[in-house]
Amino acid sequence: MKVFLDSDGVLLGCDRERPSRLALADHALDLLAFVLARAEVFWLGPQGRGDARAMVEHLVRHARASDRERLLSLASKVRAADWRGLRTDALPADGNFVWLDDGPEPGELAVLKGRGWLDRWVWIDTRESPDDLVRAQQVLGKRLGGVAARGEA
Ligand SMILES: [Mg+2]
């Protein structure tokens with residue numbers, strides 16, 4: 001199973017003191033550790049297009065100094081995905097994946113719908129719901145948990 005992660009709105013939510021700015025979301029490090037232990041993990045946010053290092057720098061820039069060492073260690077294990085137009089181009093053709101994202105583009109949603117993959121997308125929005133990564137981990141736990149995970153709703 002492959003897991004695809006967006007950054008802004010998923011691993012990065014709003015800074016509590018300055019809500020117009022991004023900050024590493026609550027539980028983001030625990031979620032990364034959880035998913036890296038169970039799946040192949042890829043970046044599927046614009047900052048990581050074909051370049052995992054750029055995504056790691058983007059995340060580290062928005063993390064507290066005390067979180068940076070653990071973040072670097074975890075995030076360096078996540079791979080880059082690459083695509084040209086739509087991020088859905090980077091998704092595996094066998095449909096064996098989960099994608100955490102706060103807002104796929106309409107064209108990306110159309111691809112997911114057309115292939116019967118809408119259930120692979122998990123809507124997460126840490127800007128609206130600061131604790132949403134707790135729910136993300138529960139959903140991933142169910143989907144990555146057993147042999148029945150493939151295609152599970
Ligand atoms: Mg986003």
# chains A, B, ... in the order shown; residues from 1 in each chain; ligands from 1
call {"tool": "residues_around", "arguments": {"residues": "Arg16 in chain A", "least_positions_apart": "6", "cutoff": "12 Å", "atoms": "only C-alpha atoms", "output": "count of residues only"}}
result
9
call {"tool": "residues_around", "arguments": {"residues": "Trp121 in chain A", "least_positions_apart": "2", "cutoff": "12 Å", "atoms": "only C-alpha atoms", "output": "PyMOL selection string"}}
result
chain A and resi 3-6+44+88+91+95-104+108-109+111-113+116-119+123-124+136+139-140+143+151-153
call {"tool": "write_last_selection", "arguments": {"atoms": "N, CA and C atoms", "output": "tab-separated table (two decimals), in the first residue's frame"}}
result
chain	number	residue	atom	x	y	z
A	3	VAL	N	0.97	5.48	0.45
A	3	VAL	CA	0.25	6.60	1.04
A	3	VAL	C	0.84	7.89	0.49
A	4	PHE	N	-0.03	8.77	0.03
A	4	PHE	CA	0.37	10.06	-0.55
A	4	PHE	C	-0.08	11.18	0.39
A	5	LEU	N	0.85	12.08	0.68
A	5	LEU	CA	0.57	13.14	1.66
A	5	LEU	C	0.73	14.52	1.05
A	6	ASP	N	-0.26	15.34	1.29
A	6	ASP	CA	-0.17	16.76	0.94
A	6	ASP	C	0.48	17.48	2.13
A	44	LEU	N	2.68	14.36	-2.07
A	44	LEU	CA	1.83	14.72	-3.20
A	44	LEU	C	1.29	16.15	-2.99
A	88	THR	N	-3.04	13.52	-9.78
A	88	THR	CA	-3.52	12.15	-9.93
A	88	THR	C	-2.67	11.36	-10.92
A	91	LEU	N	-0.49	8.86	-9.15
A	91	LEU	CA	-1.08	7.77	-8.35
A	91	LEU	C	-0.91	6.43	-9.05
A	95	GLY	N	-4.49	1.30	-8.09
A	95	GLY	CA	-5.46	1.84	-7.13
A	95	GLY	C	-5.17	1.50	-5.68
A	96	ASN	N	-3.98	0.95	-5.42
A	96	ASN	CA	-3.66	0.51	-4.06
A	96	ASN	C	-2.95	1.64	-3.30
A	97	PHE	N	-3.73	2.63	-2.92
A	97	PHE	CA	-3.16	3.79	-2.25
A	97	PHE	C	-4.21	4.49	-1.40
A	98	VAL	N	-3.70	5.37	-0.53
A	98	VAL	CA	-4.54	6.31	0.21
A	98	VAL	C	-3.91	7.68	0.01
A	99	TRP	N	-4.73	8.69	-0.20
A	99	TRP	CA	-4.24	10.05	-0.44
A	99	TRP	C	-4.89	10.99	0.57
A	100	LEU	N	-4.06	11.61	1.41
A	100	LEU	CA	-4.57	12.59	2.37
A	100	LEU	C	-4.41	13.98	1.78
A	101	ASP	N	-5.52	14.71	1.61
A	101	ASP	CA	-5.45	16.03	0.99
A	101	ASP	C	-6.63	16.88	1.45
A	102	ASP	N	-6.37	18.19	1.57
A	102	ASP	CA	-7.44	19.09	1.99
A	102	ASP	C	-8.26	19.60	0.81
A	103	GLY	N	-7.72	19.48	-0.41
A	103	GLY	CA	-8.51	20.03	-1.50
A	103	GLY	C	-7.99	19.67	-2.87
A	104	PRO	N	-8.26	18.47	-3.35
A	104	PRO	CA	-7.88	18.15	-4.73
A	104	PRO	C	-8.55	19.12	-5.70
A	108	GLU	N	-8.66	16.74	-10.68
A	108	GLU	CA	-8.16	15.57	-9.93
A	108	GLU	C	-9.33	14.78	-9.35
A	109	LEU	N	-10.33	15.49	-8.86
A	109	LEU	CA	-11.52	14.80	-8.34
A	109	LEU	C	-12.22	14.04	-9.46
A	111	VAL	N	-10.82	12.69	-12.06
A	111	VAL	CA	-10.05	11.46	-12.34
A	111	VAL	C	-10.36	10.41	-11.28
A	112	LEU	N	-10.36	10.82	-10.02
A	112	LEU	CA	-10.65	9.86	-8.94
A	112	LEU	C	-12.04	9.23	-9.15
A	113	LYS	N	-12.99	10.09	-9.48
A	113	LYS	CA	-14.36	9.60	-9.67
A	113	LYS	C	-14.42	8.65	-10.85
A	116	GLY	N	-13.19	5.26	-10.14
A	116	GLY	CA	-13.78	4.59	-8.97
A	116	GLY	C	-12.88	4.65	-7.75
A	117	TRP	N	-12.08	5.71	-7.65
A	117	TRP	CA	-11.09	5.83	-6.58
A	117	TRP	C	-11.43	6.91	-5.55
A	118	LEU	N	-12.63	7.46	-5.58
A	118	LEU	CA	-12.93	8.55	-4.64
A	118	LEU	C	-12.70	8.12	-3.19
A	119	ASP	N	-12.93	6.84	-2.90
A	119	ASP	CA	-12.76	6.39	-1.52
A	119	ASP	C	-11.29	6.28	-1.11
A	123	TRP	N	-10.30	13.19	3.02
A	123	TRP	CA	-10.32	14.64	3.18
A	123	TRP	C	-9.85	14.99	4.59
A	124	ILE	N	-8.74	15.71	4.65
A	124	ILE	CA	-8.17	16.17	5.91
A	124	ILE	C	-8.00	17.67	5.77
A	136	ALA	N	-7.09	11.21	10.89
A	136	ALA	CA	-6.32	10.64	9.78
A	136	ALA	C	-5.66	9.34	10.20
A	139	VAL	N	-8.20	6.52	10.41
A	139	VAL	CA	-8.59	6.04	9.07
A	139	VAL	C	-7.46	5.18	8.49
A	140	LEU	N	-6.23	5.67	8.59
A	140	LEU	CA	-5.10	4.92	8.04
A	140	LEU	C	-4.92	3.59	8.77
A	143	ARG	N	-7.22	1.19	7.15
A	143	ARG	CA	-6.91	0.83	5.76
A	143	ARG	C	-5.59	0.09	5.61
A	151	GLY	N	-8.72	-1.77	-1.37
A	151	GLY	CA	-10.07	-1.51	-1.86
A	151	GLY	C	-11.11	-1.31	-0.78
A	152	GLU	N	-10.68	-1.32	0.47
A	152	GLU	CA	-11.62	-1.17	1.56
A	152	GLU	C	-12.18	0.26	1.56
A	153	ALA	N	-13.44	0.40	1.85
A	153	ALA	CA	-14.05	1.74	1.83
A	153	ALA	C	-13.65	2.55	3.06
call {"tool": "closest_residue", "arguments": {"among": "A:Ala28, A:Ser76, A:Asp125, A:Gly141", "to": "ligand 1", "atoms": "only C-alpha atoms and all ligand atoms"}}
result
A:Asp125
call {"tool": "select_by_dssp", "arguments": {"residues": "range 4-118 of chain A", "states": "strand (DSSP E or B)", "output": "PyMOL selection string"}}
result
chain A and resi 4-5+8+12-14+22-24+40-43+49+79-81+97-101
call {"tool": "write_last_selection", "arguments": {"atoms": "N, CA and C atoms", "output": "PDB file, in the first residue's frame"}}
result
ATOM      1  N   PHE A   4      -0.030   8.774   0.030  1.00  0.00           N
ATOM      2  CA  PHE A   4       0.375  10.062  -0.548  1.00  0.00           C
ATOM      3  C   PHE A   4      -0.079  11.179   0.386  1.00  0.00           C
ATOM      4  N   LEU A   5       0.853  12.081   0.680  1.00  0.00           N
ATOM      5  CA  LEU A   5       0.575  13.137   1.658  1.00  0.00           C
ATOM      6  C   LEU A   5       0.732  14.520   1.047  1.00  0.00           C
ATOM      7  N   ASP A   8       0.325  21.547   2.795  1.00  0.00           N
ATOM      8  CA  ASP A   8      -0.485  22.655   3.307  1.00  0.00           C
ATOM      9  C   ASP A   8      -1.936  22.217   3.508  1.00  0.00           C
ATOM     10  N   LEU A  12       0.678  20.686   7.501  1.00  0.00           N
ATOM     11  CA  LEU A  12       0.776  22.071   7.984  1.00  0.00           C
ATOM     12  C   LEU A  12      -0.628  22.656   8.139  1.00  0.00           C
ATOM     13  N   GLY A  13      -0.923  23.115   9.352  1.00  0.00           N
ATOM     14  CA  GLY A  13      -2.183  23.806   9.614  1.00  0.00           C
ATOM     15  C   GLY A  13      -1.897  25.274   9.885  1.00  0.00           C
ATOM     16  N   CYS A  14      -2.784  25.918  10.639  1.00  0.00           N
ATOM     17  CA  CYS A  14      -2.595  27.343  10.938  1.00  0.00           C
ATOM     18  C   CYS A  14      -1.770  27.531  12.204  1.00  0.00           C
ATOM     19  N   LEU A  22       1.289  29.373   8.219  1.00  0.00           N
ATOM     20  CA  LEU A  22       1.266  27.917   8.392  1.00  0.00           C
ATOM     21  C   LEU A  22       2.165  27.504   9.554  1.00  0.00           C
ATOM     22  N   ALA A  23       1.816  26.400  10.171  1.00  0.00           N
ATOM     23  CA  ALA A  23       2.673  25.809  11.202  1.00  0.00           C
ATOM     24  C   ALA A  23       2.454  24.298  11.177  1.00  0.00           C
ATOM     25  N   LEU A  24       3.478  23.565  11.587  1.00  0.00           N
ATOM     26  CA  LEU A  24       3.348  22.105  11.644  1.00  0.00           C
ATOM     27  C   LEU A  24       2.113  21.766  12.476  1.00  0.00           C
ATOM     28  N   GLU A  40       4.574   2.559   2.047  1.00  0.00           N
ATOM     29  CA  GLU A  40       5.493   3.397   1.277  1.00  0.00           C
ATOM     30  C   GLU A  40       4.857   4.774   1.208  1.00  0.00           C
ATOM     31  N   VAL A  41       5.594   5.788   1.549  1.00  0.00           N
ATOM     32  CA  VAL A  41       4.995   7.114   1.690  1.00  0.00           C
ATOM     33  C   VAL A  41       5.618   8.089   0.686  1.00  0.00           C
ATOM     34  N   PHE A  42       4.746   8.872   0.054  1.00  0.00           N
ATOM     35  CA  PHE A  42       5.165   9.821  -0.997  1.00  0.00           C
ATOM     36  C   PHE A  42       4.572  11.195  -0.711  1.00  0.00           C
ATOM     37  N   TRP A  43       5.305  12.230  -1.109  1.00  0.00           N
ATOM     38  CA  TRP A  43       4.747  13.598  -1.071  1.00  0.00           C
ATOM     39  C   TRP A  43       3.869  13.808  -2.289  1.00  0.00           C
ATOM     40  N   ARG A  49       6.911  18.332  -5.679  1.00  0.00           N
ATOM     41  CA  ARG A  49       6.797  17.777  -7.029  1.00  0.00           C
ATOM     42  C   ARG A  49       8.171  17.410  -7.576  1.00  0.00           C
ATOM     43  N   ARG A  79       9.256   9.742  -0.022  1.00  0.00           N
ATOM     44  CA  ARG A  79       9.791   9.897  -1.380  1.00  0.00           C
ATOM     45  C   ARG A  79       9.043  10.979  -2.162  1.00  0.00           C
ATOM     46  N   ALA A  80       9.683  11.461  -3.180  1.00  0.00           N
ATOM     47  CA  ALA A  80       9.030  12.412  -4.073  1.00  0.00           C
ATOM     48  C   ALA A  80       8.133  11.649  -5.037  1.00  0.00           C
ATOM     49  N   ALA A  81       7.022  12.259  -5.383  1.00  0.00           N
ATOM     50  CA  ALA A  81       6.214  11.783  -6.514  1.00  0.00           C
ATOM     51  C   ALA A  81       6.361  12.836  -7.606  1.00  0.00           C
ATOM     52  N   PHE A  97      -3.734   2.626  -2.919  1.00  0.00           N
ATOM     53  CA  PHE A  97      -3.161   3.790  -2.247  1.00  0.00           C
ATOM     54  C   PHE A  97      -4.206   4.494  -1.400  1.00  0.00           C
ATOM     55  N   VAL A  98      -3.697   5.371  -0.528  1.00  0.00           N
ATOM     56  CA  VAL A  98      -4.540   6.312   0.212  1.00  0.00           C
ATOM     57  C   VAL A  98      -3.906   7.683   0.014  1.00  0.00           C
ATOM     58  N   TRP A  99      -4.734   8.690  -0.198  1.00  0.00           N
ATOM     59  CA  TRP A  99      -4.235  10.046  -0.436  1.00  0.00           C
ATOM     60  C   TRP A  99      -4.891  10.990   0.573  1.00  0.00           C
ATOM     61  N   LEU A 100      -4.062  11.608   1.415  1.00  0.00           N
ATOM     62  CA  LEU A 100      -4.570  12.594   2.370  1.00  0.00           C
ATOM     63  C   LEU A 100      -4.406  13.985   1.777  1.00  0.00           C
ATOM     64  N   ASP A 101      -5.522  14.706   1.614  1.00  0.00           N
ATOM     65  CA  ASP A 101      -5.452  16.029   0.994  1.00  0.00           C
ATOM     66  C   ASP A 101      -6.630  16.883   1.449  1.00  0.00           C
TER      67      ASP A 101
END
call {"tool": "residues_around", "arguments": {"residues": "Leu74 in chain A", "least_positions_apart": "4", "cutoff": "9 Å", "atoms": "only C-alpha atoms", "output": "PyMOL selection string"}}
result
chain A and resi 29+32-33+36+69-70+78
call {"tool": "select_by_dssp", "arguments": {"residues": "chain A", "states": "alpha helix (DSSP H)", "output": "PyMOL selection string"}}
result
chain A and resi 28-36+52-61+65-75+106-114+132-144
call {"tool": "closest_residue", "arguments": {"among": "A:Arg68, A:Asp131, A:Gly45, A:Arg120", "to": "Leu144 in chain A", "atoms": "only C-alpha atoms"}}
result
A:Arg120
call {"tool": "residues_around", "arguments": {"residues": "Gly85 in chain A", "least_positions_apart": "4", "cutoff": "10 Å", "atoms": "only C-alpha atoms", "output": "JSON, numbers by chain"}}
result
{"A": [89, 90, 107, 108]}
call {"tool": "write_last_selection", "arguments": {"atoms": "N, CA and C atoms", "output": "compact mmCIF listing (two decimals), in the first residue's frame"}}
result
# COMPACT_ATOMS: atom_id res chain seq x y z
N ASP A 89 -1.88 12.06 -11.78
CA ASP A 89 -0.96 11.36 -12.69
C ASP A 89 0.06 10.53 -11.91
N ALA A 90 0.34 10.94 -10.67
CA ALA A 90 1.37 10.26 -9.88
C ALA A 90 0.82 9.05 -9.12
N GLY A 107 -10.26 18.84 -11.52
CA GLY A 107 -9.80 17.84 -12.49
C GLY A 107 -9.31 16.57 -11.82
N GLU A 108 -8.66 16.74 -10.68
CA GLU A 108 -8.16 15.57 -9.93
C GLU A 108 -9.33 14.78 -9.35
call {"tool": "closest_residue", "arguments": {"among": "A:Asp94, A:Asp82, A:Glu105, A:Glu57", "to": "ligand 1", "atoms": "only C-alpha atoms and all ligand atoms"}}
result
A:Glu105
call {"tool": "closest_residue", "arguments": {"among": "A:Leu72, A:Arg87, A:Ala54, A:Arg135", "to": "ligand 1", "atoms": "only C-alpha atoms and all ligand atoms"}}
result
A:Arg87
call {"tool": "closest_residue", "arguments": {"among": "A:Gln47, A:Leu31, A:Arg18, A:Gln137", "to": "ligand 1", "atoms": "only C-alpha atoms and all ligand atoms"}}
result
A:Gln47
call {"tool": "decode", "arguments": {"residues": "range 18-137 of chain A", "atoms": "C-alpha atoms", "output": "short mmCIF file (atom, residue, chain, number, x, y, z; two decimals), in the first residue's frame"}}
result
data_model
loop_
_atom_site.label_atom_id
_atom_site.label_comp_id
_atom_site.auth_asym_id
_atom_site.auth_seq_id
_atom_site.Cartn_x
_atom_site.Cartn_y
_atom_site.Cartn_z
CA ARG A 18 -0.78 34.10 13.64
CA PRO A 19 -3.56 32.20 11.85
CA SER A 20 -2.58 33.61 8.47
CA ARG A 21 0.66 31.65 8.69
CA LEU A 22 1.27 27.92 8.39
CA ALA A 23 2.67 25.81 11.20
CA LEU A 24 3.35 22.10 11.64
CA ALA A 25 -0.03 20.64 12.61
CA ASP A 26 -0.63 18.92 15.93
CA HIS A 27 0.14 15.18 15.71
CA ALA A 28 1.97 15.59 12.37
CA LEU A 29 5.13 13.88 13.61
CA ASP A 30 3.20 11.00 15.15
CA LEU A 31 1.23 10.57 11.93
CA LEU A 32 4.42 10.47 9.85
CA ALA A 33 5.97 7.87 12.15
CA PHE A 34 2.76 5.80 12.08
CA VAL A 35 2.44 5.76 8.33
CA LEU A 36 6.16 5.25 7.60
CA ALA A 37 6.03 2.11 9.75
CA ARG A 38 3.20 0.68 7.64
CA ALA A 39 3.40 1.90 4.06
CA GLU A 40 5.49 3.40 1.28
CA VAL A 41 5.00 7.11 1.69
CA PHE A 42 5.17 9.82 -1.00
CA TRP A 43 4.75 13.60 -1.07
CA LEU A 44 1.83 14.72 -3.20
CA GLY A 45 1.88 18.45 -2.54
CA PRO A 46 3.08 21.11 -5.00
CA GLN A 47 6.22 21.82 -2.94
CA GLY A 48 7.37 18.22 -3.31
CA ARG A 49 6.80 17.78 -7.03
CA GLY A 50 9.69 15.62 -8.16
CA ASP A 51 11.85 16.90 -5.32
CA ALA A 52 11.48 15.49 -1.81
CA ARG A 53 14.15 17.83 -0.48
CA ALA A 54 12.14 20.94 -1.36
CA MET A 55 9.16 19.54 0.55
CA VAL A 56 11.25 18.74 3.60
CA GLU A 57 12.61 22.31 3.57
CA HIS A 58 9.06 23.67 3.26
CA LEU A 59 7.92 21.65 6.29
CA VAL A 60 10.98 22.44 8.40
CA ARG A 61 10.55 26.16 7.71
CA HIS A 62 7.13 26.00 9.40
CA ALA A 63 8.10 23.79 12.34
CA ARG A 64 9.15 24.84 15.82
CA ALA A 65 12.87 24.47 16.47
CA SER A 66 12.15 21.72 19.02
CA ASP A 67 10.33 19.63 16.37
CA ARG A 68 12.86 20.01 13.60
CA GLU A 69 15.23 17.15 14.39
CA ARG A 70 12.45 14.53 14.55
CA LEU A 71 10.73 16.06 11.54
CA LEU A 72 13.93 15.88 9.47
CA SER A 73 14.50 12.29 10.45
CA LEU A 74 10.96 11.21 9.52
CA ALA A 75 10.40 13.40 6.47
CA SER A 76 13.66 12.29 4.86
CA LYS A 77 12.13 8.79 4.53
CA VAL A 78 9.24 10.07 2.39
CA ARG A 79 9.79 9.90 -1.38
CA ALA A 80 9.03 12.41 -4.07
CA ALA A 81 6.21 11.78 -6.51
CA ASP A 82 6.20 13.42 -9.92
CA TRP A 83 3.46 14.57 -12.26
CA ARG A 84 2.93 16.99 -15.13
CA GLY A 85 -0.59 18.41 -14.98
CA LEU A 86 -2.74 16.74 -12.37
CA ARG A 87 -1.38 15.18 -9.20
CA THR A 88 -3.52 12.15 -9.93
CA ASP A 89 -0.96 11.36 -12.69
CA ALA A 90 1.37 10.26 -9.88
CA LEU A 91 -1.08 7.77 -8.35
CA PRO A 92 -0.49 4.05 -8.89
CA ALA A 93 -2.56 2.46 -11.64
CA ASP A 94 -3.51 -0.49 -9.43
CA GLY A 95 -5.46 1.84 -7.13
CA ASN A 96 -3.66 0.51 -4.06
CA PHE A 97 -3.16 3.79 -2.25
CA VAL A 98 -4.54 6.31 0.21
CA TRP A 99 -4.24 10.05 -0.44
CA LEU A 100 -4.57 12.59 2.37
CA ASP A 101 -5.45 16.03 0.99
CA ASP A 102 -7.44 19.09 1.99
CA GLY A 103 -8.51 20.03 -1.50
CA PRO A 104 -7.88 18.15 -4.73
CA GLU A 105 -8.45 20.25 -7.85
CA PRO A 106 -11.73 19.66 -9.74
CA GLY A 107 -9.80 17.84 -12.49
CA GLU A 108 -8.16 15.57 -9.93
CA LEU A 109 -11.52 14.80 -8.34
CA ALA A 110 -12.89 13.97 -11.80
CA VAL A 111 -10.05 11.46 -12.34
CA LEU A 112 -10.65 9.86 -8.94
CA LYS A 113 -14.36 9.60 -9.67
CA GLY A 114 -13.81 8.25 -13.18
CA ARG A 115 -11.57 5.46 -11.92
CA GLY A 116 -13.78 4.59 -8.97
CA TRP A 117 -11.09 5.83 -6.58
CA LEU A 118 -12.93 8.55 -4.64
CA ASP A 119 -12.76 6.39 -1.52
CA ARG A 120 -8.93 6.39 -1.72
CA TRP A 121 -8.96 10.13 -1.01
CA VAL A 122 -9.27 11.05 2.67
CA TRP A 123 -10.32 14.64 3.18
CA ILE A 124 -8.17 16.17 5.91
CA ASP A 125 -8.17 19.87 6.75
CA THR A 126 -5.93 20.84 9.65
CA ARG A 127 -6.53 24.55 8.98
CA GLU A 128 -10.23 24.07 9.77
CA SER A 129 -9.87 21.20 12.24
CA PRO A 130 -6.55 21.40 14.13
CA ASP A 131 -6.93 17.84 15.48
CA ASP A 132 -7.74 16.29 12.11
CA LEU A 133 -4.56 14.20 12.04
CA VAL A 134 -5.92 12.13 14.93
CA ARG A 135 -8.79 11.16 12.63
CA ALA A 136 -6.32 10.64 9.78
CA GLN A 137 -4.39 8.13 11.85
#
